file run-v3.pdb (PDB, C-alpha atoms)
ATOM      1  CA  MET A 460      75.558  95.044 104.199  1.00  0.00           C
ATOM      2  CA  LEU A 461      77.209  97.492 106.558  1.00  0.00           C
ATOM      3  CA  SER A 462      76.362 101.187 106.672  1.00  0.00           C
ATOM      4  CA  ILE A 463      79.109 103.668 107.630  1.00  0.00           C
ATOM      5  CA  GLU A 464      77.811 107.074 108.702  1.00  0.00           C
ATOM      6  CA  GLU A 465      80.822 108.478 110.577  1.00  0.00           C
ATOM      7  CA  LEU A 466      84.527 108.651 109.786  1.00  0.00           C
ATOM      8  CA  PRO A 467      87.434 109.553 112.075  1.00  0.00           C
ATOM      9  CA  ILE A 468      88.521 113.186 112.390  1.00  0.00           C
ATOM     10  CA  ASN A 469      90.685 114.336 109.439  1.00  0.00           C
ATOM     11  CA  LYS A 470      89.502 111.430 107.252  1.00  0.00           C
ATOM     12  CA  TRP A 471      87.779 112.617 104.078  1.00  0.00           C
ATOM     13  CA  THR A 472      85.147 110.464 102.387  1.00  0.00           C
ATOM     14  CA  ASN A 473      86.956 110.303  99.026  1.00  0.00           C
ATOM     15  CA  ASP A 474      90.249 109.412 100.704  1.00  0.00           C
ATOM     16  CA  TYR A 475      88.549 106.636 102.673  1.00  0.00           C
ATOM     17  CA  LYS A 476      86.907 105.253  99.530  1.00  0.00           C
ATOM     18  CA  ASN A 477      90.126 105.372  97.492  1.00  0.00           C
ATOM     19  CA  ASP A 478      92.598 104.276 100.174  1.00  0.00           C
ATOM     20  CA  PHE A 479      90.573 101.604 101.946  1.00  0.00           C
ATOM     21  CA  LEU A 480      87.407 100.465 100.181  1.00  0.00           C
ATOM     22  CA  ASP A 481      88.827 100.373  96.636  1.00  0.00           C
ATOM     23  CA  VAL A 482      91.903  98.489  97.864  1.00  0.00           C
ATOM     24  CA  ASN A 483      89.825  95.876  99.721  1.00  0.00           C
ATOM     25  CA  LEU A 484      87.505  95.576  96.733  1.00  0.00           C
ATOM     26  CA  ALA A 485      90.451  94.753  94.459  1.00  0.00           C
ATOM     27  CA  VAL A 486      92.213  92.365  96.855  1.00  0.00           C
ATOM     28  CA  LYS A 487      91.075  88.754  96.891  1.00  0.00           C
ATOM     29  CA  GLY A 488      90.040  87.937 100.457  1.00  0.00           C
ATOM     30  CA  GLY A 489      89.483  91.611 101.266  1.00  0.00           C
ATOM     31  CA  HIS A 490      85.853  90.821 102.226  1.00  0.00           C
ATOM     32  CA  VAL A 491      84.408  93.829 100.328  1.00  0.00           C
ATOM     33  CA  GLU A 492      82.243  92.871  97.344  1.00  0.00           C
ATOM     34  CA  ASP A 493      80.954  96.351  96.502  1.00  0.00           C
ATOM     35  CA  PHE A 494      80.186  99.718  98.054  1.00  0.00           C
ATOM     36  CA  PHE A 495      77.971 102.697  97.295  1.00  0.00           C
ATOM     37  CA  ASP A 496      78.331 106.316  98.361  1.00  0.00           C
ATOM     38  CA  ASP A 497      74.836 107.547  99.170  1.00  0.00           C
ATOM     39  CA  GLY A 498      76.010 110.625 101.080  1.00  0.00           C
ATOM     40  CA  ASP A 499      76.027 114.266 100.144  1.00  0.00           C
ATOM     41  CA  GLU A 500      77.954 117.374 101.164  1.00  0.00           C
ATOM     42  CA  HIS A 501      76.309 117.413 104.616  1.00  0.00           C
ATOM     43  CA  ARG A 502      76.362 113.741 105.639  1.00  0.00           C
ATOM     44  CA  ILE A 503      78.362 110.557 105.170  1.00  0.00           C
ATOM     45  CA  LYS A 504      76.598 107.373 104.126  1.00  0.00           C
ATOM     46  CA  LEU A 505      78.638 104.522 102.692  1.00  0.00           C
ATOM     47  CA  GLU A 506      76.903 101.190 102.116  1.00  0.00           C
ATOM     48  CA  VAL A 507      79.431  98.373 102.062  1.00  0.00           C
ATOM     49  CA  HIS A 508      78.413  94.966 100.731  1.00  0.00           C
ATOM     50  CA  LEU A 509      80.524  92.163 102.174  1.00  0.00           C
ATOM     51  CA  GLU A 510      81.196  88.573 101.185  1.00  0.00           C
ATOM     52  CA  ALA A 511      79.028  85.921 102.832  1.00  0.00           C
ATOM     53  CA  GLY A 512      80.187  85.281 106.394  1.00  0.00           C
ATOM     54  CA  ALA A 513      82.671  88.155 106.312  1.00  0.00           C
ATOM     55  CA  LEU A 514      80.903  90.284 108.934  1.00  0.00           C
ATOM     56  CA  GLU A 515      81.016  87.464 111.482  1.00  0.00           C
ATOM     57  CA  ALA A 516      84.698  86.869 110.747  1.00  0.00           C
ATOM     58  CA  ILE A 517      85.467  90.576 111.135  1.00  0.00           C
ATOM     59  CA  LYS A 518      83.491  90.810 114.390  1.00  0.00           C
ATOM     60  CA  GLY A 519      85.448  87.903 115.827  1.00  0.00           C
ATOM     61  CA  GLY A 520      88.811  89.295 114.765  1.00  0.00           C
ATOM     62  CA  LYS A 521      91.173  91.472 116.752  1.00  0.00           C
ATOM     63  CA  GLY A 522      89.677  94.926 117.334  1.00  0.00           C
ATOM     64  CA  GLY A 523      86.322  94.120 115.751  1.00  0.00           C
ATOM     65  CA  ILE A 524      84.481  96.050 113.066  1.00  0.00           C
ATOM     66  CA  ALA A 525      85.795  99.538 113.873  1.00  0.00           C
ATOM     67  CA  SER A 526      89.402  98.395 113.764  1.00  0.00           C
ATOM     68  CA  TRP A 527      89.081  96.353 110.550  1.00  0.00           C
ATOM     69  CA  PHE A 528      87.342  99.196 108.705  1.00  0.00           C
ATOM     70  CA  ASN A 529      89.874 101.778 109.988  1.00  0.00           C
ATOM     71  CA  LEU A 530      87.154 103.744 111.768  1.00  0.00           C
ATOM     72  CA  GLU A 531      89.331 104.505 114.785  1.00  0.00           C
ATOM     73  CA  ALA A 532      92.035 107.140 114.916  1.00  0.00           C
ATOM     74  CA  ASP A 533      94.256 108.746 117.507  1.00  0.00           C
ATOM     75  CA  LEU A 534      93.666 112.383 118.328  1.00  0.00           C
ATOM     76  CA  ASN A 535      96.759 114.525 118.819  1.00  0.00           C
ATOM     77  CA  LEU A 536      96.290 116.986 121.671  1.00  0.00           C
ATOM     78  CA  THR A 537      99.827 118.376 121.925  1.00  0.00           C
ATOM     79  CA  ASN A 538      99.058 121.703 120.242  1.00  0.00           C
ATOM     80  CA  MET A 539      95.953 122.564 122.239  1.00  0.00           C
ATOM     81  CA  VAL A 540      95.901 125.810 124.191  1.00  0.00           C
ATOM     82  CA  LEU A 541      93.450 126.087 127.052  1.00  0.00           C
TER
END
call {"tool": "encode", "arguments": {"input": "run-v3.pdb", "output": "structure tokens"}}
result
Amino acid sequence: MLSIEELPINKWTNDYKNDFLDVNLAVKGGHVEDFFDDGDEHRIKLEVHLEAGALEAIKGGKGGIASWFNLEADLNLTNMVL
């Protein structure tokens, strides 16, 4: 089991569940067996249950866990005024 308690900026919990977790749950070989949303309006807590051996395979892959679970995002700073 993997617990996700932070998401990238501008990534909403429902969007992440629908666009990433549901898709990997439906795809054979997507490594996700099931997930539960145990968060509330003030905190994020997603518990992701993976196939046996999947976490080790993901860790050894390119970019590691954060990359595979889309937990990294670029931050656009072009419109910042200092």
call {"tool": "axis_aligned_box", "arguments": {"input": "run-v3.pdb", "around": "region 491-497 of chain A", "padding_each_side": "6 Å", "output": "JSON"}}
result
{"center_x": 79.6, "center_y": 100.2, "center_z": 98.4, "size_x": 21.6, "size_y": 26.7, "size_z": 15.8}
call {"tool": "residues_near_point", "arguments": {"input": "run-v3.pdb", "point": "(86.5, 97.0, 101.4)", "cutoff": "10 Å", "atoms": "only C-alpha atoms", "output": "VMD selection string"}}
result
chain A and resid 475 to 486 488 to 494 507 to 510 527 to 528
call {"tool": "write_last_selection", "arguments": {"input": "run-v3.pdb", "atoms": "C-alpha atoms", "output": "PDB file, in the frame of the given file"}}
result
ATOM      1  CA  TYR A 475      88.549 106.636 102.673  1.00  0.00           C
ATOM      2  CA  LYS A 476      86.907 105.253  99.530  1.00  0.00           C
ATOM      3  CA  ASN A 477      90.126 105.372  97.492  1.00  0.00           C
ATOM      4  CA  ASP A 478      92.598 104.276 100.174  1.00  0.00           C
ATOM      5  CA  PHE A 479      90.573 101.604 101.946  1.00  0.00           C
ATOM      6  CA  LEU A 480      87.407 100.465 100.181  1.00  0.00           C
ATOM      7  CA  ASP A 481      88.827 100.373  96.636  1.00  0.00           C
ATOM      8  CA  VAL A 482      91.903  98.489  97.864  1.00  0.00           C
ATOM      9  CA  ASN A 483      89.825  95.876  99.721  1.00  0.00           C
ATOM     10  CA  LEU A 484      87.505  95.576  96.733  1.00  0.00           C
ATOM     11  CA  ALA A 485      90.451  94.753  94.459  1.00  0.00           C
ATOM     12  CA  VAL A 486      92.213  92.365  96.855  1.00  0.00           C
ATOM     13  CA  GLY A 488      90.040  87.937 100.457  1.00  0.00           C
ATOM     14  CA  GLY A 489      89.483  91.611 101.266  1.00  0.00           C
ATOM     15  CA  HIS A 490      85.853  90.821 102.226  1.00  0.00           C
ATOM     16  CA  VAL A 491      84.408  93.829 100.328  1.00  0.00           C
ATOM     17  CA  GLU A 492      82.243  92.871  97.344  1.00  0.00           C
ATOM     18  CA  ASP A 493      80.954  96.351  96.502  1.00  0.00           C
ATOM     19  CA  PHE A 494      80.186  99.718  98.054  1.00  0.00           C
ATOM     20  CA  VAL A 507      79.431  98.373 102.062  1.00  0.00           C
ATOM     21  CA  HIS A 508      78.413  94.966 100.731  1.00  0.00           C
ATOM     22  CA  LEU A 509      80.524  92.163 102.174  1.00  0.00           C
ATOM     23  CA  GLU A 510      81.196  88.573 101.185  1.00  0.00           C
ATOM     24  CA  TRP A 527      89.081  96.353 110.550  1.00  0.00           C
ATOM     25  CA  PHE A 528      87.342  99.196 108.705  1.00  0.00           C
TER      26      PHE A 528
END
call {"tool": "atom_distance", "arguments": {"input": "run-v3.pdb", "atom1": "CA of Ser526 (chain A)", "atom2": "CA of Phe495 (chain A)"}}
result
20.5 Å
call {"tool": "atom_distance", "arguments": {"input": "run-v3.pdb", "atom1": "CA of Leu536 (chain A)", "atom2": "CA of Ile503 (chain A)"}}
result
25.2 Å
call {"tool": "resolve_selection", "arguments": {"input": "run-v3.pdb", "expression": "the PyMOL selection byres ((chain A and resi 466-470) around 12)", "output": "ChimeraX atom specification"}}
result
/A:462-465,471-479,502-505,525-526,528-535
call {"tool": "atom_distance", "arguments": {"input": "run-v3.pdb", "atom1": "CA of Gly498 (chain A)", "atom2": "CA of Ala513 (chain A)"}}
result
24.0 Å
call {"tool": "decode", "arguments": {"input": "run-v3.pdb", "residues": "region 461-541 of chain A", "atoms": "C-alpha atoms", "output": "mmCIF file, in the first residue's frame"}}
result
data_model
loop_
_atom_site.group_PDB
_atom_site.id
_atom_site.type_symbol
_atom_site.label_atom_id
_atom_site.label_comp_id
_atom_site.auth_asym_id
_atom_site.auth_seq_id
_atom_site.Cartn_x
_atom_site.Cartn_y
_atom_site.Cartn_z
ATOM 1 C CA LEU A 461 1.125 3.519 -0.795
ATOM 2 C CA SER A 462 -0.278 6.603 0.909
ATOM 3 C CA ILE A 463 -0.457 9.869 -1.070
ATOM 4 C CA GLU A 464 -0.862 12.967 1.092
ATOM 5 C CA GLU A 465 0.234 15.720 -1.311
ATOM 6 C CA LEU A 466 -0.604 16.498 -4.928
ATOM 7 C CA PRO A 467 1.078 18.947 -7.311
ATOM 8 C CA ILE A 468 -0.141 22.548 -7.473
ATOM 9 C CA ASN A 469 -3.330 22.931 -9.568
ATOM 10 C CA LYS A 470 -4.116 19.196 -9.318
ATOM 11 C CA TRP A 471 -7.476 18.533 -7.667
ATOM 12 C CA THR A 472 -8.102 15.292 -5.790
ATOM 13 C CA ASN A 473 -11.122 14.266 -7.893
ATOM 14 C CA ASP A 474 -9.267 14.990 -11.131
ATOM 15 C CA TYR A 475 -6.310 12.901 -9.960
ATOM 16 C CA LYS A 476 -8.588 10.009 -8.994
ATOM 17 C CA ASN A 477 -10.535 10.117 -12.270
ATOM 18 C CA ASP A 478 -7.670 10.854 -14.668
ATOM 19 C CA PHE A 479 -4.933 8.694 -13.177
ATOM 20 C CA LEU A 480 -6.035 6.181 -10.550
ATOM 21 C CA ASP A 481 -9.247 5.043 -12.277
ATOM 22 C CA VAL A 482 -7.391 4.657 -15.583
ATOM 23 C CA ASN A 483 -4.600 2.570 -14.019
ATOM 24 C CA LEU A 484 -7.172 0.521 -12.125
ATOM 25 C CA ALA A 485 -8.944 -0.364 -15.382
ATOM 26 C CA VAL A 486 -5.800 -1.060 -17.428
ATOM 27 C CA LYS A 487 -4.271 -4.515 -17.179
ATOM 28 C CA GLY A 488 -0.671 -4.071 -16.037
ATOM 29 C CA GLY A 489 -1.436 -0.654 -14.553
ATOM 30 C CA HIS A 490 -0.191 -1.889 -11.140
ATOM 31 C CA VAL A 491 -3.140 -0.367 -9.208
ATOM 32 C CA GLU A 492 -5.439 -2.955 -7.621
ATOM 33 C CA ASP A 493 -7.620 -0.555 -5.629
ATOM 34 C CA PHE A 494 -7.579 2.835 -3.943
ATOM 35 C CA PHE A 495 -9.466 4.591 -1.167
ATOM 36 C CA ASP A 496 -9.985 8.295 -0.558
ATOM 37 C CA ASP A 497 -9.710 8.814 3.188
ATOM 38 C CA GLY A 498 -9.247 12.587 2.961
ATOM 39 C CA ASP A 499 -11.596 15.423 3.719
ATOM 40 C CA GLU A 500 -11.966 19.058 2.687
ATOM 41 C CA HIS A 501 -8.814 20.054 4.611
ATOM 42 C CA ARG A 502 -6.375 17.244 3.785
ATOM 43 C CA ILE A 503 -5.519 14.761 1.053
ATOM 44 C CA LYS A 504 -5.141 11.092 1.907
ATOM 45 C CA LEU A 505 -5.303 8.527 -0.874
ATOM 46 C CA GLU A 506 -4.439 4.921 -0.039
ATOM 47 C CA VAL A 507 -3.363 3.062 -3.157
ATOM 48 C CA HIS A 508 -3.165 -0.730 -3.104
ATOM 49 C CA LEU A 509 -0.724 -2.083 -5.673
ATOM 50 C CA GLU A 510 -0.160 -5.469 -7.266
ATOM 51 C CA ALA A 511 2.457 -7.697 -5.643
ATOM 52 C CA GLY A 512 5.953 -6.541 -6.583
ATOM 53 C CA ALA A 513 4.668 -3.411 -8.311
ATOM 54 C CA LEU A 514 6.206 -0.938 -5.853
ATOM 55 C CA GLU A 515 9.686 -2.373 -6.391
ATOM 56 C CA ALA A 516 9.215 -2.254 -10.161
ATOM 57 C CA ILE A 517 8.036 1.361 -9.991
ATOM 58 C CA LYS A 518 10.933 2.367 -7.720
ATOM 59 C CA GLY A 519 13.413 0.879 -10.166
ATOM 60 C CA GLY A 520 11.831 2.536 -13.188
ATOM 61 C CA LYS A 521 12.720 5.848 -14.770
ATOM 62 C CA GLY A 522 11.851 8.742 -12.451
ATOM 63 C CA GLY A 523 10.779 6.546 -9.546
ATOM 64 C CA ILE A 524 7.562 6.702 -7.560
ATOM 65 C CA ALA A 525 6.849 10.430 -7.929
ATOM 66 C CA SER A 526 7.175 10.298 -11.699
ATOM 67 C CA TRP A 527 5.087 7.133 -12.172
ATOM 68 C CA PHE A 528 2.258 8.456 -9.990
ATOM 69 C CA ASN A 529 2.337 11.887 -11.707
ATOM 70 C CA LEU A 530 3.186 13.638 -8.445
ATOM 71 C CA GLU A 531 5.597 16.069 -10.087
ATOM 72 C CA ALA A 532 4.602 19.129 -12.066
ATOM 73 C CA ASP A 533 6.277 22.144 -13.590
ATOM 74 C CA LEU A 534 5.539 25.525 -12.082
ATOM 75 C CA ASN A 535 5.070 28.394 -14.520
ATOM 76 C CA LEU A 536 6.665 31.583 -13.216
ATOM 77 C CA THR A 537 6.282 33.807 -16.284
ATOM 78 C CA ASN A 538 3.391 35.868 -14.910
ATOM 79 C CA MET A 539 4.896 36.636 -11.516
ATOM 80 C CA VAL A 540 5.344 40.261 -10.515
ATOM 81 C CA LEU A 541 7.869 41.026 -7.812
#
